[in-house]
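Peer 1: Sharing a structure here in structure tokens format.
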Amino acid sequence: MPIVLYQKMPSGATLEMIHAVTDEMDARKDPPEGLIIHTVIEIGGRITICDVWESRQAYEKFADARLGPAFARVFERMGVDPAQMGEPDTEIIETLDLIRGS
């Protein structure tokens, strides 16, 4: 069942960091398996990710294999301590219906 992944990033997260992680994974040329759509928006001054995935398992596989390691490499290069940054507020919601555009 498809899911919506909603992540409000910690207040210290910047668009530059998110773009650096995306580039580190080469996600534009090699999108993750199971990803339907990825968006980055700003809500209340915080970077927020809103994705749709084929399944929770597809997202978890991607997070373990690509996303986590990419964040670690980018944070190291930028001199960011992940422990100081904190975790994003994450919500995973099962979809009730999904219509794909052309």
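If you're wondering about the labels, chains in the structure tokens are A, B, ... by order shown, residues count from 1 in each chain, ligands from 1 in order shown.
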Skipping near chain neighbours, those fewer than 2 positions away, what residues fall within 12 Å of Glu16 (chain A) using only C-alpha atoms, listed as an NGL selection string?
Peer 2: :A and (12-14 or 18-23 or 40 or 47 or 74-75 or 78)
Peer 1: Mind dumping the selected residues with N, CA and C atoms as a PDB file, in the first residue's frame?
Peer 2:
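File produced: result34.pdb:
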ATOM      1  N   GLY A  12      17.518  23.618  12.456  1.00  0.00           N
ATOM      2  CA  GLY A  12      18.832  23.949  11.901  1.00  0.00           C
ATOM      3  C   GLY A  12      19.062  23.435  10.487  1.00  0.00           C
ATOM      4  N   ALA A  13      18.172  22.605   9.993  1.00  0.00           N
ATOM      5  CA  ALA A  13      18.338  22.047   8.638  1.00  0.00           C
ATOM      6  C   ALA A  13      18.076  23.143   7.606  1.00  0.00           C
ATOM      7  N   THR A  14      18.902  23.158   6.578  1.00  0.00           N
ATOM      8  CA  THR A  14      18.768  24.170   5.529  1.00  0.00           C
ATOM      9  C   THR A  14      18.476  23.495   4.189  1.00  0.00           C
ATOM     10  N   ILE A  18      19.716  19.823   2.337  1.00  0.00           N
ATOM     11  CA  ILE A  18      18.828  18.869   1.654  1.00  0.00           C
ATOM     12  C   ILE A  18      19.289  18.662   0.217  1.00  0.00           C
ATOM     13  N   HIS A  19      19.630  19.753  -0.468  1.00  0.00           N
ATOM     14  CA  HIS A  19      20.123  19.625  -1.847  1.00  0.00           C
ATOM     15  C   HIS A  19      21.441  18.858  -1.888  1.00  0.00           C
ATOM     16  N   ALA A  20      22.309  19.080  -0.913  1.00  0.00           N
ATOM     17  CA  ALA A  20      23.588  18.365  -0.874  1.00  0.00           C
ATOM     18  C   ALA A  20      23.373  16.869  -0.686  1.00  0.00           C
ATOM     19  N   VAL A  21      22.415  16.495   0.137  1.00  0.00           N
ATOM     20  CA  VAL A  21      22.107  15.071   0.338  1.00  0.00           C
ATOM     21  C   VAL A  21      21.528  14.480  -0.948  1.00  0.00           C
ATOM     22  N   THR A  22      20.633  15.210  -1.592  1.00  0.00           N
ATOM     23  CA  THR A  22      20.054  14.748  -2.862  1.00  0.00           C
ATOM     24  C   THR A  22      21.151  14.540  -3.901  1.00  0.00           C
ATOM     25  N   ASP A  23      22.079  15.485  -3.983  1.00  0.00           N
ATOM     26  CA  ASP A  23      23.195  15.370  -4.929  1.00  0.00           C
ATOM     27  C   ASP A  23      24.120  14.208  -4.556  1.00  0.00           C
ATOM     28  N   VAL A  40      10.084  19.131  -1.619  1.00  0.00           N
ATOM     29  CA  VAL A  40      10.666  19.871  -0.504  1.00  0.00           C
ATOM     30  C   VAL A  40       9.924  21.198  -0.448  1.00  0.00           C
ATOM     31  N   ILE A  47      12.228  23.489   6.829  1.00  0.00           N
ATOM     32  CA  ILE A  47      12.236  22.657   5.625  1.00  0.00           C
ATOM     33  C   ILE A  47      11.414  21.410   5.917  1.00  0.00           C
ATOM     34  N   VAL A  74      27.349  14.028   4.140  1.00  0.00           N
ATOM     35  CA  VAL A  74      27.146  15.472   3.955  1.00  0.00           C
ATOM     36  C   VAL A  74      27.369  16.212   5.267  1.00  0.00           C
ATOM     37  N   PHE A  75      26.829  15.697   6.360  1.00  0.00           N
ATOM     38  CA  PHE A  75      27.022  16.349   7.655  1.00  0.00           C
ATOM     39  C   PHE A  75      28.500  16.412   8.013  1.00  0.00           C
ATOM     40  N   MET A  78      30.138  19.123   5.986  1.00  0.00           N
ATOM     41  CA  MET A  78      29.684  20.457   6.401  1.00  0.00           C
ATOM     42  C   MET A  78      30.053  20.768   7.849  1.00  0.00           C
TER      43      MET A  78
END
Peer 1: Residues within 12 Å of Ser55 (chain A), please, as a list in words. Count only C-alpha atoms; anything in the same chain fewer than 5 positions from it doesn't count.
Peer 2: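 Residues near the query, excluding close chain neighbours: Met1, Pro2, Ile3, Val4, Leu5, Glu33, Gly34, Leu35, Ile36, Glu60, Lys61, Phe62, Ile92, Ile93, Glu94 and Thr95 of chain A.
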Peer 1: Output N, CA and C atoms of each residue in that selection to a file, as a short mmCIF file (atom, residue, chain, number, x, y, z; two decimals), in the first residue's frame.
Peer 2:
data_model
loop_
_atom_site.label_atom_id
_atom_site.label_comp_id
_atom_site.auth_asym_id
_atom_site.auth_seq_id
_atom_site.Cartn_x
_atom_site.Cartn_y
_atom_site.Cartn_z
N MET A 1 0.83 -1.17 0.00
CA MET A 1 0.00 0.00 0.00
C MET A 1 0.88 1.24 0.00
N PRO A 2 0.62 2.21 -0.88
CA PRO A 2 1.41 3.44 -0.90
C PRO A 2 1.29 4.22 0.41
N ILE A 3 2.34 4.96 0.71
CA ILE A 3 2.36 5.79 1.91
C ILE A 3 2.78 7.21 1.56
N VAL A 4 2.38 8.14 2.43
CA VAL A 4 2.88 9.50 2.38
C VAL A 4 3.86 9.64 3.53
N LEU A 5 5.05 10.10 3.22
CA LEU A 5 6.07 10.37 4.23
C LEU A 5 6.13 11.88 4.41
N GLU A 33 14.23 3.30 -5.85
CA GLU A 33 13.20 2.35 -6.22
C GLU A 33 12.02 2.50 -5.26
N GLY A 34 10.82 2.60 -5.80
CA GLY A 34 9.62 2.71 -4.98
C GLY A 34 9.17 4.13 -4.71
N LEU A 35 9.99 5.12 -5.09
CA LEU A 35 9.60 6.52 -4.89
C LEU A 35 8.63 6.92 -5.99
N ILE A 36 7.50 7.51 -5.60
CA ILE A 36 6.52 8.01 -6.58
C ILE A 36 6.77 9.49 -6.83
N GLU A 60 11.82 2.42 3.79
CA GLU A 60 12.78 1.96 4.82
C GLU A 60 14.05 1.40 4.19
N LYS A 61 13.91 0.67 3.09
CA LYS A 61 15.09 0.13 2.39
C LYS A 61 15.95 1.28 1.88
N PHE A 62 15.32 2.27 1.28
CA PHE A 62 16.04 3.45 0.78
C PHE A 62 16.71 4.20 1.93
N ILE A 92 4.28 8.86 8.94
CA ILE A 92 4.07 7.99 7.79
C ILE A 92 2.59 7.63 7.78
N ILE A 93 1.92 7.96 6.68
CA ILE A 93 0.48 7.83 6.58
C ILE A 93 0.15 6.93 5.39
N GLU A 94 -0.64 5.89 5.63
CA GLU A 94 -1.07 5.03 4.51
C GLU A 94 -2.09 5.78 3.66
N THR A 95 -1.93 5.67 2.36
CA THR A 95 -2.88 6.33 1.46
C THR A 95 -4.16 5.50 1.39
#
Peer 1: Using CA of Gly44 (chain A) and CA of Thr90 (chain A) as the two end points, give the distance in Å to one decimal.
Peer 2: 15.8 Å
Peer 1: Would you pick out the contacts of Pro32 (chain A) at 12 Å or less, using only C-alpha atoms, so that residues sharing its chain but fewer than 2 positions from it are not included, and give the list as a tab-separated table (two decimals) with N, CA and C atoms, in the first residue's frame?
Peer 2:
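part.tsv written:
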chain	number	residue	atom	x	y	z
A	22	THR	N	20.63	15.21	-1.59
A	22	THR	CA	20.05	14.75	-2.86
A	22	THR	C	21.15	14.54	-3.90
A	25	MET	N	23.38	11.43	-3.24
A	25	MET	CA	22.76	10.15	-3.65
A	25	MET	C	22.56	10.08	-5.15
A	26	ASP	N	22.77	11.20	-5.86
A	26	ASP	CA	22.50	11.29	-7.30
A	26	ASP	C	21.05	10.90	-7.59
A	27	ALA	N	20.15	11.34	-6.69
A	27	ALA	CA	18.75	10.93	-6.76
A	27	ALA	C	18.02	11.44	-7.99
A	28	ARG	N	18.46	12.55	-8.57
A	28	ARG	CA	17.78	13.04	-9.77
A	28	ARG	C	18.04	12.13	-10.98
A	29	LYS	N	19.25	11.60	-11.07
A	29	LYS	CA	19.59	10.70	-12.17
A	29	LYS	C	19.29	9.24	-11.85
A	30	ASP	N	19.31	8.90	-10.56
A	30	ASP	CA	19.10	7.52	-10.11
A	30	ASP	C	18.08	7.54	-8.96
A	34	GLY	N	10.82	2.60	-5.80
A	34	GLY	CA	9.62	2.71	-4.98
A	34	GLY	C	9.17	4.13	-4.71
A	35	LEU	N	9.99	5.12	-5.09
A	35	LEU	CA	9.60	6.52	-4.89
A	35	LEU	C	8.63	6.92	-5.99
A	36	ILE	N	7.50	7.51	-5.60
A	36	ILE	CA	6.52	8.01	-6.58
A	36	ILE	C	6.77	9.49	-6.83
A	37	ILE	N	6.90	10.27	-5.75
A	37	ILE	CA	7.21	11.69	-5.89
A	37	ILE	C	7.90	12.18	-4.62
A	38	HIS	N	8.83	13.13	-4.81
A	38	HIS	CA	9.56	13.75	-3.70
A	38	HIS	C	9.39	15.26	-3.82
A	51	ASP	N	6.82	13.15	0.65
A	51	ASP	CA	7.05	12.14	-0.39
A	51	ASP	C	5.87	11.19	-0.47
A	52	VAL	N	5.74	10.55	-1.60
A	52	VAL	CA	4.83	9.41	-1.74
A	52	VAL	C	5.67	8.23	-2.20
A	53	TRP	N	5.51	7.11	-1.51
A	53	TRP	CA	6.27	5.89	-1.77
A	53	TRP	C	5.33	4.74	-2.07
A	54	GLU	N	5.80	3.79	-2.87
A	54	GLU	CA	5.02	2.59	-3.19
A	54	GLU	C	4.64	1.82	-1.93
A	58	ALA	N	9.62	0.04	0.94
A	58	ALA	CA	10.47	0.68	-0.07
A	58	ALA	C	11.18	1.89	0.54
A	59	TYR	N	10.44	2.69	1.32
A	59	TYR	CA	11.07	3.84	1.96
A	59	TYR	C	12.14	3.39	2.96
A	60	GLU	N	11.82	2.42	3.79
A	60	GLU	CA	12.78	1.96	4.82
A	60	GLU	C	14.05	1.40	4.19
A	61	LYS	N	13.91	0.67	3.09
A	61	LYS	CA	15.09	0.13	2.39
A	61	LYS	C	15.95	1.28	1.88
A	62	PHE	N	15.32	2.27	1.28
A	62	PHE	CA	16.04	3.45	0.78
A	62	PHE	C	16.71	4.20	1.93
A	63	ALA	N	15.99	4.41	3.02
A	63	ALA	CA	16.53	5.16	4.15
A	63	ALA	C	17.77	4.48	4.72
A	64	ASP	N	17.73	3.17	4.83
A	64	ASP	CA	18.87	2.42	5.38
A	64	ASP	C	20.05	2.38	4.42
A	65	ALA	N	19.76	2.14	3.15
A	65	ALA	CA	20.84	1.91	2.18
A	65	ALA	C	21.44	3.19	1.61
A	66	ARG	N	20.63	4.21	1.41
A	66	ARG	CA	21.12	5.42	0.73
A	66	ARG	C	20.99	6.70	1.54
A	67	LEU	N	19.82	6.94	2.10
A	67	LEU	CA	19.57	8.23	2.74
A	67	LEU	C	20.42	8.44	3.99
